[in-house]
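Below: work_34.cif (mmCIF, C-alpha atoms)
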data_start
loop_
_atom_site.label_atom_id
_atom_site.label_comp_id
_atom_site.auth_asym_id
_atom_site.auth_seq_id
_atom_site.Cartn_x
_atom_site.Cartn_y
_atom_site.Cartn_z
CA MET C 1 -16.11 -9.83 9.40
CA ALA C 2 -12.66 -10.86 8.26
CA SER C 3 -9.75 -8.47 7.94
CA LYS C 4 -9.16 -6.84 4.59
CA PRO C 5 -6.93 -8.88 2.27
CA ALA C 6 -3.36 -7.62 2.02
CA HIS C 7 -2.75 -5.39 -1.00
CA ILE C 8 0.30 -6.35 -3.08
CA VAL C 9 1.69 -4.16 -5.88
CA ILE C 10 3.74 -5.93 -8.55
CA VAL C 11 5.95 -3.88 -10.87
CA GLU C 12 7.47 -6.12 -13.53
CA ASP C 13 8.08 -5.24 -17.19
CA GLU C 14 7.97 -8.83 -18.43
CA PRO C 15 4.23 -9.35 -19.10
CA VAL C 16 4.07 -13.13 -18.76
CA THR C 17 5.98 -13.14 -15.46
CA ARG C 18 3.86 -10.26 -14.18
CA SER C 19 0.45 -11.71 -15.08
CA THR C 20 1.38 -15.20 -13.89
CA LEU C 21 2.58 -13.93 -10.53
CA ALA C 22 -0.43 -11.64 -10.11
CA SER C 23 -2.82 -14.49 -10.86
CA TYR C 24 -0.98 -16.86 -8.51
CA LEU C 25 -0.97 -14.45 -5.55
CA GLY C 26 -4.57 -13.46 -6.27
CA SER C 27 -5.60 -17.11 -6.00
CA PHE C 28 -4.55 -17.01 -2.34
CA GLY C 29 -6.89 -14.12 -1.57
CA TYR C 30 -4.48 -11.20 -1.88
CA ARG C 31 -5.59 -8.02 -3.62
CA VAL C 32 -3.07 -7.51 -6.40
CA SER C 33 -2.28 -4.45 -8.53
CA GLU C 34 0.17 -4.87 -11.40
CA CYS C 35 2.09 -2.51 -13.67
CA ASP C 36 5.24 -2.41 -15.80
CA THR C 37 7.08 0.72 -14.61
CA ALA C 38 8.08 2.30 -11.32
CA GLU C 39 6.26 5.48 -12.30
CA LYS C 40 2.96 3.59 -12.66
CA ALA C 41 3.60 1.82 -9.37
CA GLU C 42 4.04 5.18 -7.64
CA LYS C 43 0.64 6.32 -8.92
CA ILE C 44 -0.97 3.15 -7.59
CA LEU C 45 0.73 3.59 -4.22
CA ALA C 46 -0.34 7.24 -4.05
CA GLN C 47 -3.97 6.30 -4.59
CA ASN C 48 -4.18 3.06 -2.60
CA THR C 49 -2.72 1.83 0.64
CA ALA C 50 -0.45 -1.13 -0.07
CA ASP C 51 1.13 -3.68 2.24
CA LEU C 52 3.81 -5.10 -0.04
CA LEU C 53 5.71 -4.13 -3.19
CA ILE C 54 7.29 -6.76 -5.43
CA ALA C 55 9.58 -5.00 -7.91
CA ASP C 56 11.93 -6.16 -10.64
CA ILE C 57 15.30 -4.45 -10.35
CA ASN C 58 15.82 -4.09 -14.10
CA LEU C 59 13.00 -1.77 -15.15
CA GLN C 60 12.94 0.76 -17.94
CA GLY C 61 13.29 4.28 -16.56
CA LYS C 62 13.41 4.31 -12.79
CA ASP C 63 14.63 0.89 -11.69
CA GLY C 64 13.74 -1.25 -8.70
CA LEU C 65 16.64 0.04 -6.63
CA GLU C 66 15.57 3.65 -7.09
CA ILE C 67 11.97 3.03 -6.13
CA THR C 68 13.17 1.06 -3.11
CA ARG C 69 15.36 3.94 -1.92
CA GLU C 70 12.59 6.51 -2.41
CA LEU C 71 9.86 4.43 -0.79
CA ARG C 72 11.94 3.44 2.21
CA ALA C 73 12.62 7.10 2.96
CA ARG C 74 8.92 7.67 3.64
CA SER C 75 7.26 4.30 4.15
CA GLU C 76 7.55 1.00 6.02
CA ILE C 77 5.89 -0.95 3.20
CA GLY C 78 7.31 -4.44 2.71
CA ILE C 79 9.58 -4.66 -0.35
CA ILE C 80 10.73 -7.76 -2.24
CA LEU C 81 13.11 -7.26 -5.17
CA LEU C 82 13.29 -9.61 -8.16
CA SER C 83 16.30 -9.96 -10.44
CA GLY C 84 17.54 -12.19 -13.22
CA ARG C 85 21.12 -11.53 -12.15
CA THR C 86 22.88 -14.05 -9.97
CA ASP C 87 25.73 -11.89 -8.66
CA ASP C 88 25.59 -10.46 -5.16
CA VAL C 89 25.98 -6.76 -6.02
CA ASP C 90 22.31 -5.97 -6.68
CA ARG C 91 21.19 -8.07 -3.74
CA ILE C 92 23.54 -6.30 -1.32
CA VAL C 93 22.70 -2.84 -2.67
CA GLY C 94 18.97 -3.58 -2.61
CA LEU C 95 19.07 -4.74 1.01
CA GLU C 96 21.22 -1.75 1.99
CA LEU C 97 18.65 0.58 0.41
CA GLY C 98 15.93 -0.94 2.54
CA ALA C 99 14.47 -3.91 0.66
CA ASP C 100 13.24 -6.67 2.98
CA ASP C 101 13.97 -9.59 0.68
CA TYR C 102 15.58 -10.44 -2.65
CA VAL C 103 14.60 -13.27 -5.01
CA CYS C 104 16.49 -14.43 -8.10
CA LYS C 105 14.75 -15.43 -11.32
CA PRO C 106 13.60 -17.93 -12.25
CA PHE C 107 11.93 -18.36 -8.89
CA ASN C 108 9.76 -21.06 -7.38
CA ARG C 109 6.28 -19.57 -6.92
CA ARG C 110 5.63 -21.48 -3.72
CA GLU C 111 8.90 -20.24 -2.23
CA LEU C 112 8.04 -16.67 -3.19
CA LEU C 113 4.59 -17.10 -1.63
CA ALA C 114 6.22 -18.26 1.60
CA ARG C 115 8.45 -15.19 1.59
CA VAL C 116 5.41 -12.97 0.94
CA LYS C 117 3.51 -14.50 3.85
CA ASN C 118 6.47 -14.16 6.22
CA LEU C 119 7.09 -10.55 5.26
CA LEU C 120 3.42 -9.61 5.61
CA ARG C 121 3.38 -11.17 9.09
CA ARG C 122 6.42 -9.12 10.09
CA THR C 123 5.12 -5.82 8.71
CA THR C 124 1.67 -6.37 10.23
CA ALA C 125 3.23 -7.08 13.62
CA MET C 126 5.42 -3.97 13.37
CA ARG C 127 2.44 -1.76 12.54
CA ALA C 128 0.44 -3.27 15.39
CA MET C 129 3.24 -2.56 17.87
CA THR C 130 3.32 1.13 16.97
CA ARG C 131 -0.41 1.60 16.51
CA ARG C 132 -2.24 3.32 19.34
CA VAL C 133 -5.94 3.37 18.41
CA PHE C 134 -7.89 0.52 16.82
CA HIS C 135 -11.34 0.88 15.27
CA PHE C 136 -13.65 -2.08 14.65
CA ASN C 137 -17.40 -2.65 14.36
CA GLY C 138 -18.10 0.90 15.51
CA PHE C 139 -15.87 0.63 18.57
CA SER C 140 -12.70 2.58 19.31
CA PHE C 141 -9.93 1.07 21.45
CA ASP C 142 -7.08 3.30 22.64
CA VAL C 143 -4.42 0.86 23.79
CA ALA C 144 -2.24 3.37 25.62
CA SER C 145 -5.04 4.92 27.67
CA ARG C 146 -6.98 1.65 27.95
CA GLN C 147 -10.17 3.43 26.87
CA VAL C 148 -12.88 1.78 24.82
CA THR C 149 -15.87 3.65 23.41
CA ASP C 150 -18.80 2.59 21.26
CA ALA C 151 -20.19 4.36 18.17
CA THR C 152 -22.01 6.93 20.33
CA GLY C 153 -18.91 7.76 22.38
CA GLN C 154 -20.15 5.85 25.41
CA ALA C 155 -17.32 4.32 27.44
CA ILE C 156 -17.10 0.55 27.83
CA VAL C 157 -15.41 -0.36 31.08
CA LEU C 158 -12.99 -3.28 30.93
CA THR C 159 -11.25 -5.11 33.74
CA ARG C 160 -7.48 -5.39 33.55
CA ALA C 161 -7.67 -8.98 32.28
CA GLU C 162 -10.28 -8.06 29.66
CA TYR C 163 -8.13 -5.19 28.46
CA GLU C 164 -5.04 -7.38 28.21
CA LEU C 165 -6.95 -10.02 26.27
CA LEU C 166 -8.43 -7.43 23.88
CA ARG C 167 -4.97 -5.97 23.28
CA VAL C 168 -3.66 -9.39 22.23
CA PHE C 169 -6.62 -9.90 19.91
CA VAL C 170 -6.41 -6.56 18.06
CA THR C 171 -2.66 -6.87 17.55
CA ASN C 172 -3.07 -10.36 16.07
CA PRO C 173 -6.13 -10.06 13.79
CA GLY C 174 -7.10 -13.18 11.90
CA ALA C 175 -4.65 -15.37 13.80
CA VAL C 176 -5.81 -18.40 15.76
CA MET C 177 -4.83 -17.77 19.38
CA ASP C 178 -4.76 -20.85 21.57
CA ARG C 179 -5.82 -20.60 25.20
CA ASP C 180 -2.33 -21.14 26.58
CA ARG C 181 -1.00 -18.19 24.59
CA LEU C 182 -3.93 -16.01 25.64
CA ILE C 183 -3.59 -16.84 29.30
CA MET C 184 0.06 -15.77 29.21
CA ALA C 185 -1.15 -12.26 28.29
CA ILE C 186 -2.87 -11.90 31.66
CA THR C 187 -0.34 -10.32 33.99
CA HIS C 188 -2.10 -10.86 37.32
CA ARG C 189 -2.96 -14.52 37.17
CA GLN C 190 -4.11 -16.22 40.37
CA ASP C 191 -2.72 -19.56 41.48
CA GLY C 192 -4.71 -22.28 39.83
CA THR C 193 -5.66 -20.15 36.86
CA ASN C 194 -6.42 -22.43 33.92
CA THR C 195 -7.43 -22.13 30.31
CA ARG C 196 -11.12 -22.08 31.30
CA THR C 197 -10.44 -18.54 32.48
CA ILE C 198 -9.99 -17.52 28.84
CA ASP C 199 -13.41 -18.90 27.92
CA VAL C 200 -14.97 -16.84 30.71
CA LEU C 201 -13.11 -13.68 29.65
CA VAL C 202 -14.14 -14.13 26.01
CA GLN C 203 -17.76 -14.55 27.14
CA ARG C 204 -17.49 -11.28 29.06
CA LEU C 205 -15.91 -9.47 26.10
CA ARG C 206 -18.66 -10.75 23.81
CA ALA C 207 -21.29 -9.46 26.23
CA LYS C 208 -19.67 -6.01 26.49
CA PHE C 209 -19.22 -5.69 22.72
CA GLY C 210 -22.63 -7.12 21.82
CA ASP C 211 -21.06 -10.05 20.01
CA ASP C 212 -23.63 -12.83 19.63
CA PRO C 213 -21.97 -16.04 20.92
CA LYS C 214 -24.08 -18.12 18.50
CA ALA C 215 -22.86 -16.09 15.49
CA PRO C 216 -19.85 -14.04 16.65
CA ARG C 217 -18.41 -11.38 14.36
CA ILE C 218 -15.59 -10.19 16.63
CA PHE C 219 -14.38 -12.99 18.90
CA THR C 220 -14.81 -16.18 16.87
CA THR C 221 -14.28 -19.65 18.28
CA SER C 222 -11.81 -21.88 16.44
CA HIS C 223 -13.05 -25.25 17.63
CA GLY C 224 -10.38 -27.37 19.22
CA GLU C 225 -7.83 -24.57 18.95
CA GLY C 226 -8.85 -21.29 20.60
CA TYR C 227 -10.17 -17.95 19.39
CA VAL C 228 -9.73 -15.63 16.42
CA PHE C 229 -10.29 -11.87 16.27
CA THR C 230 -12.36 -11.64 13.08
CA ALA C 231 -13.59 -8.05 13.16
CA GLN C 232 -12.30 -5.76 10.41
CA LEU C 233 -9.85 -3.19 11.73
CA ASP C 234 -10.30 0.28 10.23
#

Represent the structure of the file as structure tokens.
Amino acid sequence: MASKPAHIVIVEDEPVTRSTLASYLGSFGYRVSECDTAEKAEKILAQNTADLLIADINLQGKDGLEITRELRARSEIGIILLSGRTDDVDRIVGLELGADDYVCKPFNRRELLARVKNLLRRTTAMRAMTRRVFHFNGFSFDVASRQVTDATGQAIVLTRAEYELLRVFVTNPGAVMDRDRLIMAITHRQDGTNTRTIDVLVQRLRAKFGDDPKAPRIFTTSHGEGYVFTAQLD
């Protein structure tokens, strides 16, 4: 099962810009919520976990700078500010308040998409670095203690190499990991270790997690490239 699509909240009071951007980002598989005020955005954020906020600076009522300051005080959500102004004051203030990026209108949609993708990669990596316990397909993996249990609480014993490979997979969900990159994660490599070692380790992980090699749901083969962790992380 693939990871959940990233949730993006757009707060923009210009309806055409808002609907066009929401439709464009939605076409790339993102889950998009849209609204026209910061107050409505706060209600959406209170009710739903979001990965990224795209906010116009010049909103009626609470503006984009205010919502940035308030959100950054309690959240690590990615924030991109939009503005029709071309001077540097808003950009500098927005970044000082904790925004991750700043885009001037009119903007190129493909450029904004690239910025969205880059920011989501950074925030996902940051969360993965600080996360301790991962849950997927009924399994629980405590990275710090190196303990893995199934849905019944039964322990699954991993070798050091299996643990190190699983740690790389869960902290890079959905990303194609080539064998060279995976083998670098194994700290105690023997002389002569080659990329075939990764294939053997993945086979062992599949066996321990009951992942059918003919139709894998956790450790999926990307033919000609490597492997992808495709289980949904809860």

(request) Work out how far CA of Glu111 (chain C) is from CA of Val176 (chain C), in Å to one decimal. (result)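 Between these atoms lies a distance of 23.3 Å.
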
Go through region 59-144 of chain C residue by residue and, counting only C-alpha atoms, keep those with an atom at most 9 Å from region 7-30 of chain C; for each kept residue give the shortest atom pair and its distance in Å to one decimal, ordered by chain and increasing number, as a Markdown table.
| residue | atom | partner | partner_atom | distance |
| --- | --- | --- | --- | --- |
| C:Leu59 | CA | C:Asp13 | CA | 6.4 |
| C:Gln60 | CA | C:Asp13 | CA | 7.8 |
| C:Gly64 | CA | C:Val11 | CA | 8.5 |
| C:Leu82 | CA | C:Glu12 | CA | 8.7 |
| C:Arg109 | CA | C:Leu21 | CA | 7.7 |
| C:Leu113 | CA | C:Leu25 | CA | 7.3 |

(request) Please indicate the distance in Å from CA of Pro106 (chain C) to CA of Arg85 (chain C), rounded to one decimal place. (result)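 Those two atoms sit 9.9 Å apart.
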
(request) Can you work out the spacing between CA of Arg179 (chain C) and CA of Val116 (chain C) in Å, to one decimal? (result) 27.8 Å

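Applied to the file shown here, the PyMOL selection byres ((chain C and resi 138) around 10) selects His135, Phe136, Asn137, Phe139, Ser140, Thr149, Asp150, Ala151, Thr152, Gly153, Phe209, Leu233 and Asp234 of chain C.
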
Decode the PyMOL selection byres ((chain C and resi 67) around 12) for the given file into explicit residues and return them as a tab-separated table (two decimals) with C-alpha atoms, in the frame of the given file.
chain	number	residue	atom	x	y	z
C	11	VAL	CA	5.95	-3.88	-10.87
C	37	THR	CA	7.08	0.72	-14.61
C	38	ALA	CA	8.08	2.30	-11.32
C	39	GLU	CA	6.26	5.48	-12.30
C	40	LYS	CA	2.96	3.59	-12.66
C	41	ALA	CA	3.60	1.82	-9.37
C	42	GLU	CA	4.04	5.18	-7.64
C	45	LEU	CA	0.73	3.59	-4.22
C	53	LEU	CA	5.71	-4.13	-3.19
C	54	ILE	CA	7.29	-6.76	-5.43
C	55	ALA	CA	9.58	-5.00	-7.91
C	56	ASP	CA	11.93	-6.16	-10.64
C	57	ILE	CA	15.30	-4.45	-10.35
C	58	ASN	CA	15.82	-4.09	-14.10
C	59	LEU	CA	13.00	-1.77	-15.15
C	61	GLY	CA	13.29	4.28	-16.56
C	62	LYS	CA	13.41	4.31	-12.79
C	63	ASP	CA	14.63	0.89	-11.69
C	64	GLY	CA	13.74	-1.25	-8.70
C	65	LEU	CA	16.64	0.04	-6.63
C	66	GLU	CA	15.57	3.65	-7.09
C	68	THR	CA	13.17	1.06	-3.11
C	69	ARG	CA	15.36	3.94	-1.92
C	70	GLU	CA	12.59	6.51	-2.41
C	71	LEU	CA	9.86	4.43	-0.79
C	72	ARG	CA	11.94	3.44	2.21
C	73	ALA	CA	12.62	7.10	2.96
C	74	ARG	CA	8.92	7.67	3.64
C	75	SER	CA	7.26	4.30	4.15
C	77	ILE	CA	5.89	-0.95	3.20
C	79	ILE	CA	9.58	-4.66	-0.35
C	80	ILE	CA	10.73	-7.76	-2.24
C	81	LEU	CA	13.11	-7.26	-5.17
C	94	GLY	CA	18.97	-3.58	-2.61
C	97	LEU	CA	18.65	0.58	0.41
C	98	GLY	CA	15.93	-0.94	2.54
C	99	ALA	CA	14.47	-3.91	0.66

(request) Go through the shown structure with the PyMOL selection byres ((chain C and resi 214-219) around 6) and write out the matching residues as a PyMOL selection string. (result) chain C and resi 1+211-213+220+228-231

(request) Extract, using all atoms listed in the file, all DNA, RNA and protein residues at most 12 Å from Glu76 (chain C), discarding same-chain residues fewer than 6 positions from it, and format them as number ranges by chain. (result) C: 49-53, 68-70, 98-100, 119-120, 122-127, 130

For the residues in that selection, give me C-alpha atoms as a PDB file, in the coordinates of the input.
ATOM      1  CA  THR C  49      -2.720   1.830   0.640  1.00  0.00           C
ATOM      2  CA  ALA C  50      -0.450  -1.130  -0.070  1.00  0.00           C
ATOM      3  CA  ASP C  51       1.130  -3.680   2.240  1.00  0.00           C
ATOM      4  CA  LEU C  52       3.810  -5.100  -0.040  1.00  0.00           C
ATOM      5  CA  LEU C  53       5.710  -4.130  -3.190  1.00  0.00           C
ATOM      6  CA  THR C  68      13.170   1.060  -3.110  1.00  0.00           C
ATOM      7  CA  ARG C  69      15.360   3.940  -1.920  1.00  0.00           C
ATOM      8  CA  GLU C  70      12.590   6.510  -2.410  1.00  0.00           C
ATOM      9  CA  GLY C  98      15.930  -0.940   2.540  1.00  0.00           C
ATOM     10  CA  ALA C  99      14.470  -3.910   0.660  1.00  0.00           C
ATOM     11  CA  ASP C 100      13.240  -6.670   2.980  1.00  0.00           C
ATOM     12  CA  LEU C 119       7.090 -10.550   5.260  1.00  0.00           C
ATOM     13  CA  LEU C 120       3.420  -9.610   5.610  1.00  0.00           C
ATOM     14  CA  ARG C 122       6.420  -9.120  10.090  1.00  0.00           C
ATOM     15  CA  THR C 123       5.120  -5.820   8.710  1.00  0.00           C
ATOM     16  CA  THR C 124       1.670  -6.370  10.230  1.00  0.00           C
ATOM     17  CA  ALA C 125       3.230  -7.080  13.620  1.00  0.00           C
ATOM     18  CA  MET C 126       5.420  -3.970  13.370  1.00  0.00           C
ATOM     19  CA  ARG C 127       2.440  -1.760  12.540  1.00  0.00           C
ATOM     20  CA  THR C 130       3.320   1.130  16.970  1.00  0.00           C
TER      21      THR C 130
END

(message) When you count all atoms listed in the file, which of these residues is closest to Tyr163 (chain C): C:Ile198, C:Ala175, C:Val143, C:Ala46?
(response)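 Under the stated criterion, the closest residue is C:Val143.
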
(message) My list of candidates is C:Gly78, C:Ile156, C:Ser33, C:Arg132. Which is closest to Arg115 (chain C) when distances are computed with only C-alpha atoms?
(response)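 Nearest candidate to Arg115 (chain C) out of C:Gly78, C:Ile156, C:Ser33, C:Arg132: C:Gly78.
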
(request) Check the smallest atom-to-atom distance from each of C:Asp180, C:Asp36, C:Asp142, C:Glu96 to Arg167 (chain C) using all atoms listed in the file, then report the winner. (result)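 So, comparing all the options, the nearest one is C:Asp142.
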